[in-house]
$ cat work_3.txt   # compact mmCIF, C-alpha atoms
# COMPACT_ATOMS: atom_id res chain seq x y z
CA MET Z 125 114.14 98.59 89.17
CA ALA Z 126 114.73 100.62 86.00
CA LYS Z 127 111.82 101.39 83.72
CA SER Z 128 111.73 99.54 80.44
CA ASN Z 129 111.67 101.56 77.24
CA TYR Z 130 109.07 99.46 75.43
CA ILE Z 131 105.75 100.88 74.28
CA THR Z 132 102.93 99.85 72.00
CA ARG Z 133 102.32 101.87 68.84
CA SER Z 134 99.01 103.18 70.22
CA GLY Z 135 100.76 104.20 73.47
CA TRP Z 136 103.48 106.05 71.56
CA ASN Z 137 100.85 107.82 69.46
CA ALA Z 138 98.98 108.89 72.60
CA LEU Z 139 102.14 110.39 74.15
CA ASP Z 140 103.01 112.10 70.86
CA GLN Z 141 99.48 113.57 70.62
CA GLU Z 142 99.74 114.85 74.20
CA LEU Z 143 103.07 116.52 73.41
CA LYS Z 144 101.66 118.18 70.28
CA PHE Z 145 98.56 119.33 72.15
CA LEU Z 146 100.58 120.85 75.00
CA TRP Z 147 103.06 122.56 72.68
CA LYS Z 148 100.74 123.79 69.91
CA ASP Z 149 97.42 124.37 71.71
CA GLU Z 150 97.67 124.57 75.48
CA ARG Z 151 100.94 126.48 75.91
CA PRO Z 152 100.06 129.34 73.49
CA LYS Z 153 96.68 129.84 75.22
CA VAL Z 154 98.22 129.92 78.69
CA THR Z 155 101.02 132.23 77.50
CA GLN Z 156 98.43 134.64 76.12
CA ALA Z 157 96.40 134.48 79.36
CA VAL Z 158 99.54 135.23 81.41
CA SER Z 159 100.37 138.14 79.11
CA ASP Z 160 96.85 139.53 79.44
CA ALA Z 161 96.92 139.14 83.23
CA ALA Z 162 100.33 140.84 83.44
CA ALA Z 163 98.95 143.83 81.56
CA LEU Z 164 96.38 144.39 84.32
CA GLY Z 165 99.00 145.73 86.71
CA ASP Z 166 100.02 144.46 90.15
CA ARG Z 167 101.25 140.90 89.69
CA SER Z 168 101.71 140.06 93.37
CA GLU Z 169 97.96 139.81 94.01
CA ASN Z 170 96.89 138.83 90.50
CA ALA Z 171 95.54 135.27 90.76
CA GLU Z 172 95.25 134.82 86.99
CA TYR Z 173 98.90 135.78 86.54
CA ILE Z 174 100.15 133.57 89.40
CA TYR Z 175 98.06 130.56 88.30
CA GLY Z 176 99.06 131.08 84.67
CA LYS Z 177 102.78 131.14 85.49
CA ARG Z 178 102.38 127.98 87.57
CA ARG Z 179 100.48 126.28 84.73
CA LEU Z 180 103.21 127.30 82.25
CA ARG Z 181 105.84 125.67 84.45
CA GLU Z 182 103.74 122.48 84.61
CA ILE Z 183 103.33 122.44 80.83
CA ASP Z 184 107.04 123.07 80.22
CA ARG Z 185 108.00 120.32 82.65
CA ARG Z 186 105.67 117.83 80.94
CA VAL Z 187 106.87 118.90 77.46
CA ARG Z 188 110.50 118.34 78.49
CA PHE Z 189 109.65 114.94 79.95
CA LEU Z 190 107.65 113.81 76.90
CA THR Z 191 110.31 115.03 74.46
CA LYS Z 192 113.06 113.10 76.24
CA ARG Z 193 110.91 110.02 76.81
CA LEU Z 194 109.71 109.75 73.20
CA GLU Z 195 113.34 109.81 72.04
CA VAL Z 196 114.24 106.67 74.02
CA LEU Z 197 111.04 104.66 73.70
CA GLN Z 198 111.09 101.62 71.45
CA ILE Z 199 107.82 100.75 69.71
CA VAL Z 200 107.05 97.03 69.81
CA ASP Z 201 104.61 95.84 67.15
CA TYR Z 202 102.87 92.50 66.92
CA HIS Z 203 104.70 89.77 65.03
CA PRO Z 204 103.15 86.41 63.98
CA LYS Z 205 106.00 84.53 65.71
CA GLN Z 206 104.50 85.65 69.05
CA GLU Z 207 101.38 83.51 68.65
CA GLY Z 208 100.89 80.97 71.41
CA LYS Z 209 103.30 82.61 73.85
CA VAL Z 210 103.09 85.64 76.12
CA PHE Z 211 105.16 88.60 74.99
CA PHE Z 212 104.90 92.37 75.13
CA GLY Z 213 101.48 93.61 73.99
CA ALA Z 214 99.69 90.33 74.69
CA TRP Z 215 96.27 90.00 76.24
CA VAL Z 216 96.26 87.14 78.73
CA ALA Z 217 93.33 85.42 80.46
CA LEU Z 218 94.49 84.26 83.89
CA GLU Z 219 92.63 82.03 86.30
CA ASN Z 220 93.39 81.88 90.00
CA GLU Z 221 93.02 78.83 92.26
CA ALA Z 222 89.45 79.85 93.13
CA GLY Z 223 88.47 79.64 89.46
CA GLU Z 224 88.11 83.41 88.94
CA GLU Z 225 89.32 84.61 85.54
CA LYS Z 226 90.73 88.05 84.76
CA HIS Z 227 92.14 89.49 81.54
CA TYR Z 228 95.30 91.58 81.44
CA ARG Z 229 97.30 93.25 78.70
CA ILE Z 230 101.07 93.64 79.04
CA VAL Z 231 102.11 97.18 78.06
CA GLY Z 232 104.92 99.63 78.71
CA CYS Z 233 105.32 101.48 81.99
CA ASP Z 234 104.23 104.73 80.29
CA GLU Z 235 100.82 103.35 79.35
CA PHE Z 236 99.73 100.94 82.11
CA ASP Z 237 96.17 101.55 83.30
CA PRO Z 238 94.57 99.49 86.08
CA ALA Z 239 91.08 100.60 84.96
CA LYS Z 240 91.67 98.93 81.57
CA ASN Z 241 93.53 95.94 83.11
CA TRP Z 242 96.74 97.01 81.38
CA ILE Z 243 99.75 95.96 83.46
CA SER Z 244 103.31 97.17 83.10
CA ILE Z 245 105.95 94.93 81.58
CA ASP Z 246 107.95 95.73 84.72
CA SER Z 247 105.31 94.30 87.10
CA PRO Z 248 105.96 90.97 88.85
CA VAL Z 249 102.94 89.34 87.13
CA ALA Z 250 104.06 90.43 83.65
CA ARG Z 251 107.64 89.30 84.32
CA ALA Z 252 106.34 85.88 85.37
CA LEU Z 253 104.16 85.65 82.24
CA ILE Z 254 106.77 86.48 79.59
CA GLY Z 255 107.54 83.46 77.41
CA LYS Z 256 104.82 81.26 78.89
CA SER Z 257 102.15 79.37 76.92
CA ILE Z 258 98.51 78.39 77.38
CA ASP Z 259 97.92 76.03 80.35
CA ASP Z 260 101.20 77.07 82.00
CA GLU Z 261 101.17 77.77 85.71
CA ILE Z 262 102.87 80.85 87.11
CA LYS Z 263 103.66 81.71 90.69
CA VAL Z 264 103.84 85.33 91.81
CA GLU Z 265 104.91 86.57 95.21
CA THR Z 266 102.48 89.25 96.44
CA PRO Z 267 102.28 91.14 99.75
CA SER Z 268 99.55 88.70 100.84
CA GLY Z 269 101.61 85.66 99.90
CA LEU Z 270 102.27 83.37 96.97
CA VAL Z 271 99.61 83.43 94.23
CA VAL Z 272 99.29 80.65 91.64
CA LEU Z 273 97.75 81.62 88.28
CA TYR Z 274 96.96 79.56 85.19
CA ILE Z 275 97.09 80.88 81.62
CA ASN Z 276 93.81 80.09 79.84
CA ARG Z 277 94.13 82.20 76.71
CA ILE Z 278 96.64 84.45 74.89
CA TRP Z 279 95.78 86.88 72.11
CA TYR Z 280 97.19 89.96 70.43
CA GLU Z 281 95.70 93.09 68.90
CA LYS Z 282 96.82 93.09 65.29
$ encode --input "work_3.txt" --output "structure tokens"
Amino acid sequence: MAKSNYITRSGWNALDQELKFLWKDERPKVTQAVSDAAALGDRSENAEYIYGKRRLREIDRRVRFLTKRLEVLQIVDYHPKQEGKVFFGAWVALENEAGEEKHYRIVGCDEFDPAKNWISIDSPVARALIGKSIDDEIKVETPSGLVVLYINRIWYEK
């Protein structure tokens, strides 16, 4: 399944801040450290030089990825027409058949975070939720079988 190119404004800002930090702060420091380590002599057994070069490659790889990704991402902001239905950026309170309630936010694949209960728009649960309203029932196929969830509440960060 292809990744979607949607992102919240706060998610886009976080990726942009990471890119700026890597390019303007981290990379110059590592470049200077590599230069200093190279001036010490033998590079084949110089751990600071070897680690620094490896770190530079990691930074450059991440900078390239972020630059390309930020160009194609589409920021999706809240709109009043979304009220009452589940769309991108929504917080949703879901209840399972046992009566347990959990809250999830639907975000882009670049910003999902299980610790914050942020699920990707590309996940099966999010796909089943899109366009639904309060009190709707959704069915999601999971590895452990079919799960039935009920939508108790929908809200948006404005």
$ residues_near_point --input "work_3.txt" --point "(101.1, 81.6, 91.1)" --cutoff "9 Å" --atoms "only C-alpha atoms" --output "VMD selection string"
chain Z and resid 220 to 221 249 252 261 to 265 270 to 274
$ closest_residue --input "work_3.txt" --among "Z:Leu197, Z:Leu164, Z:Ile243, Z:Ile278" --to "Lys256 (chain Z)" --atoms "only C-alpha atoms"
Z:Ile278
$ closest_residue --input "work_3.txt" --among "Z:Arg181, Z:Glu219, Z:Phe211, Z:Gln206" --to "Ile245 (chain Z)" --atoms "all atoms listed in the file"
Z:Phe211
$ residues_around --input "work_3.txt" --residues "Leu143 (chain Z)" --least-positions-apart "3" --cutoff "12 Å" --atoms "only C-alpha atoms" --output "list of chain:residue names"
Z:Trp136, Z:Asn137, Z:Ala138, Z:Leu139, Z:Asp140, Z:Leu146, Z:Trp147, Z:Lys148, Z:Asp149, Z:Glu150, Z:Arg151, Z:Ile183, Z:Asp184, Z:Arg185, Z:Arg186, Z:Val187, Z:Arg188, Z:Phe189, Z:Leu190, Z:Thr191, Z:Lys192, Z:Arg193, Z:Leu194
$ residues_around --input "work_3.txt" --residues "Ala239 (chain Z)" --least-positions-apart "3" --cutoff "12 Å" --atoms "all atoms listed in the file" --output "list in words"
His227, Tyr228, Arg229, Glu235, Phe236, Trp242 and Ile243 of chain Z
$ closest_residue --input "work_3.txt" --among "Z:Asp234, Z:Glu281, Z:Asp246, Z:Glu207" --to "Ile258 (chain Z)" --atoms "all atoms listed in the file"
Z:Glu207
$ residues_around --input "work_3.txt" --residues "Asp201 (chain Z)" --least-positions-apart "5" --cutoff "12 Å" --atoms "only C-alpha atoms" --output "JSON, numbers by chain"
{"Z": [130, 131, 132, 133, 134, 135, 136, 206, 211, 212, 213, 214, 231, 280, 281, 282]}
$ write_last_selection --input "work_3.txt" --atoms "C-alpha atoms" --output "compact mmCIF listing (two decimals), keeping the file's coordinate frame"
# COMPACT_ATOMS: atom_id res chain seq x y z
CA TYR Z 130 109.07 99.46 75.43
CA ILE Z 131 105.75 100.88 74.28
CA THR Z 132 102.93 99.85 72.00
CA ARG Z 133 102.32 101.87 68.84
CA SER Z 134 99.01 103.18 70.22
CA GLY Z 135 100.76 104.20 73.47
CA TRP Z 136 103.48 106.05 71.56
CA GLN Z 206 104.50 85.65 69.05
CA PHE Z 211 105.16 88.60 74.99
CA PHE Z 212 104.90 92.37 75.13
CA GLY Z 213 101.48 93.61 73.99
CA ALA Z 214 99.69 90.33 74.69
CA VAL Z 231 102.11 97.18 78.06
CA TYR Z 280 97.19 89.96 70.43
CA GLU Z 281 95.70 93.09 68.90
CA LYS Z 282 96.82 93.09 65.29
$ closest_residue --input "work_3.txt" --among "Z:Cys233, Z:Thr266, Z:Val200, Z:Ala171" --to "Pro248 (chain Z)" --atoms "all atoms listed in the file"
Z:Thr266
$ closest_residue --input "work_3.txt" --among "Z:Lys205, Z:Ser159, Z:Tyr173, Z:Lys127" --to "Ser247 (chain Z)" --atoms "all atoms listed in the file"
Z:Lys127
$ atom_distance --input "work_3.txt" --atom1 "CA of His203 (chain Z)" --atom2 "CA of Lys240 (chain Z)"
23.0 Å
$ axis_aligned_box --input "work_3.txt" --around "region 144-159 of chain Z" --padding-each-side "3 Å" --output "lines of an AutoDock Vina configuration file"
center_x = 99.7
center_y = 128.2
center_z = 75.7
size_x = 12.7
size_y = 26.0
size_z = 17.5
$ atom_distance --input "work_3.txt" --atom1 "CA of Ala157 (chain Z)" --atom2 "CA of Gly176 (chain Z)"
6.8 Å
$ closest_residue --input "work_3.txt" --among "Z:Asn129, Z:Val196, Z:Ile275, Z:Lys153" --to "Lys226 (chain Z)" --atoms "all atoms listed in the file"
Z:Ile275
$ atom_distance --input "work_3.txt" --atom1 "CA of Glu225 (chain Z)" --atom2 "CA of Trp279 (chain Z)"
15.1 Å
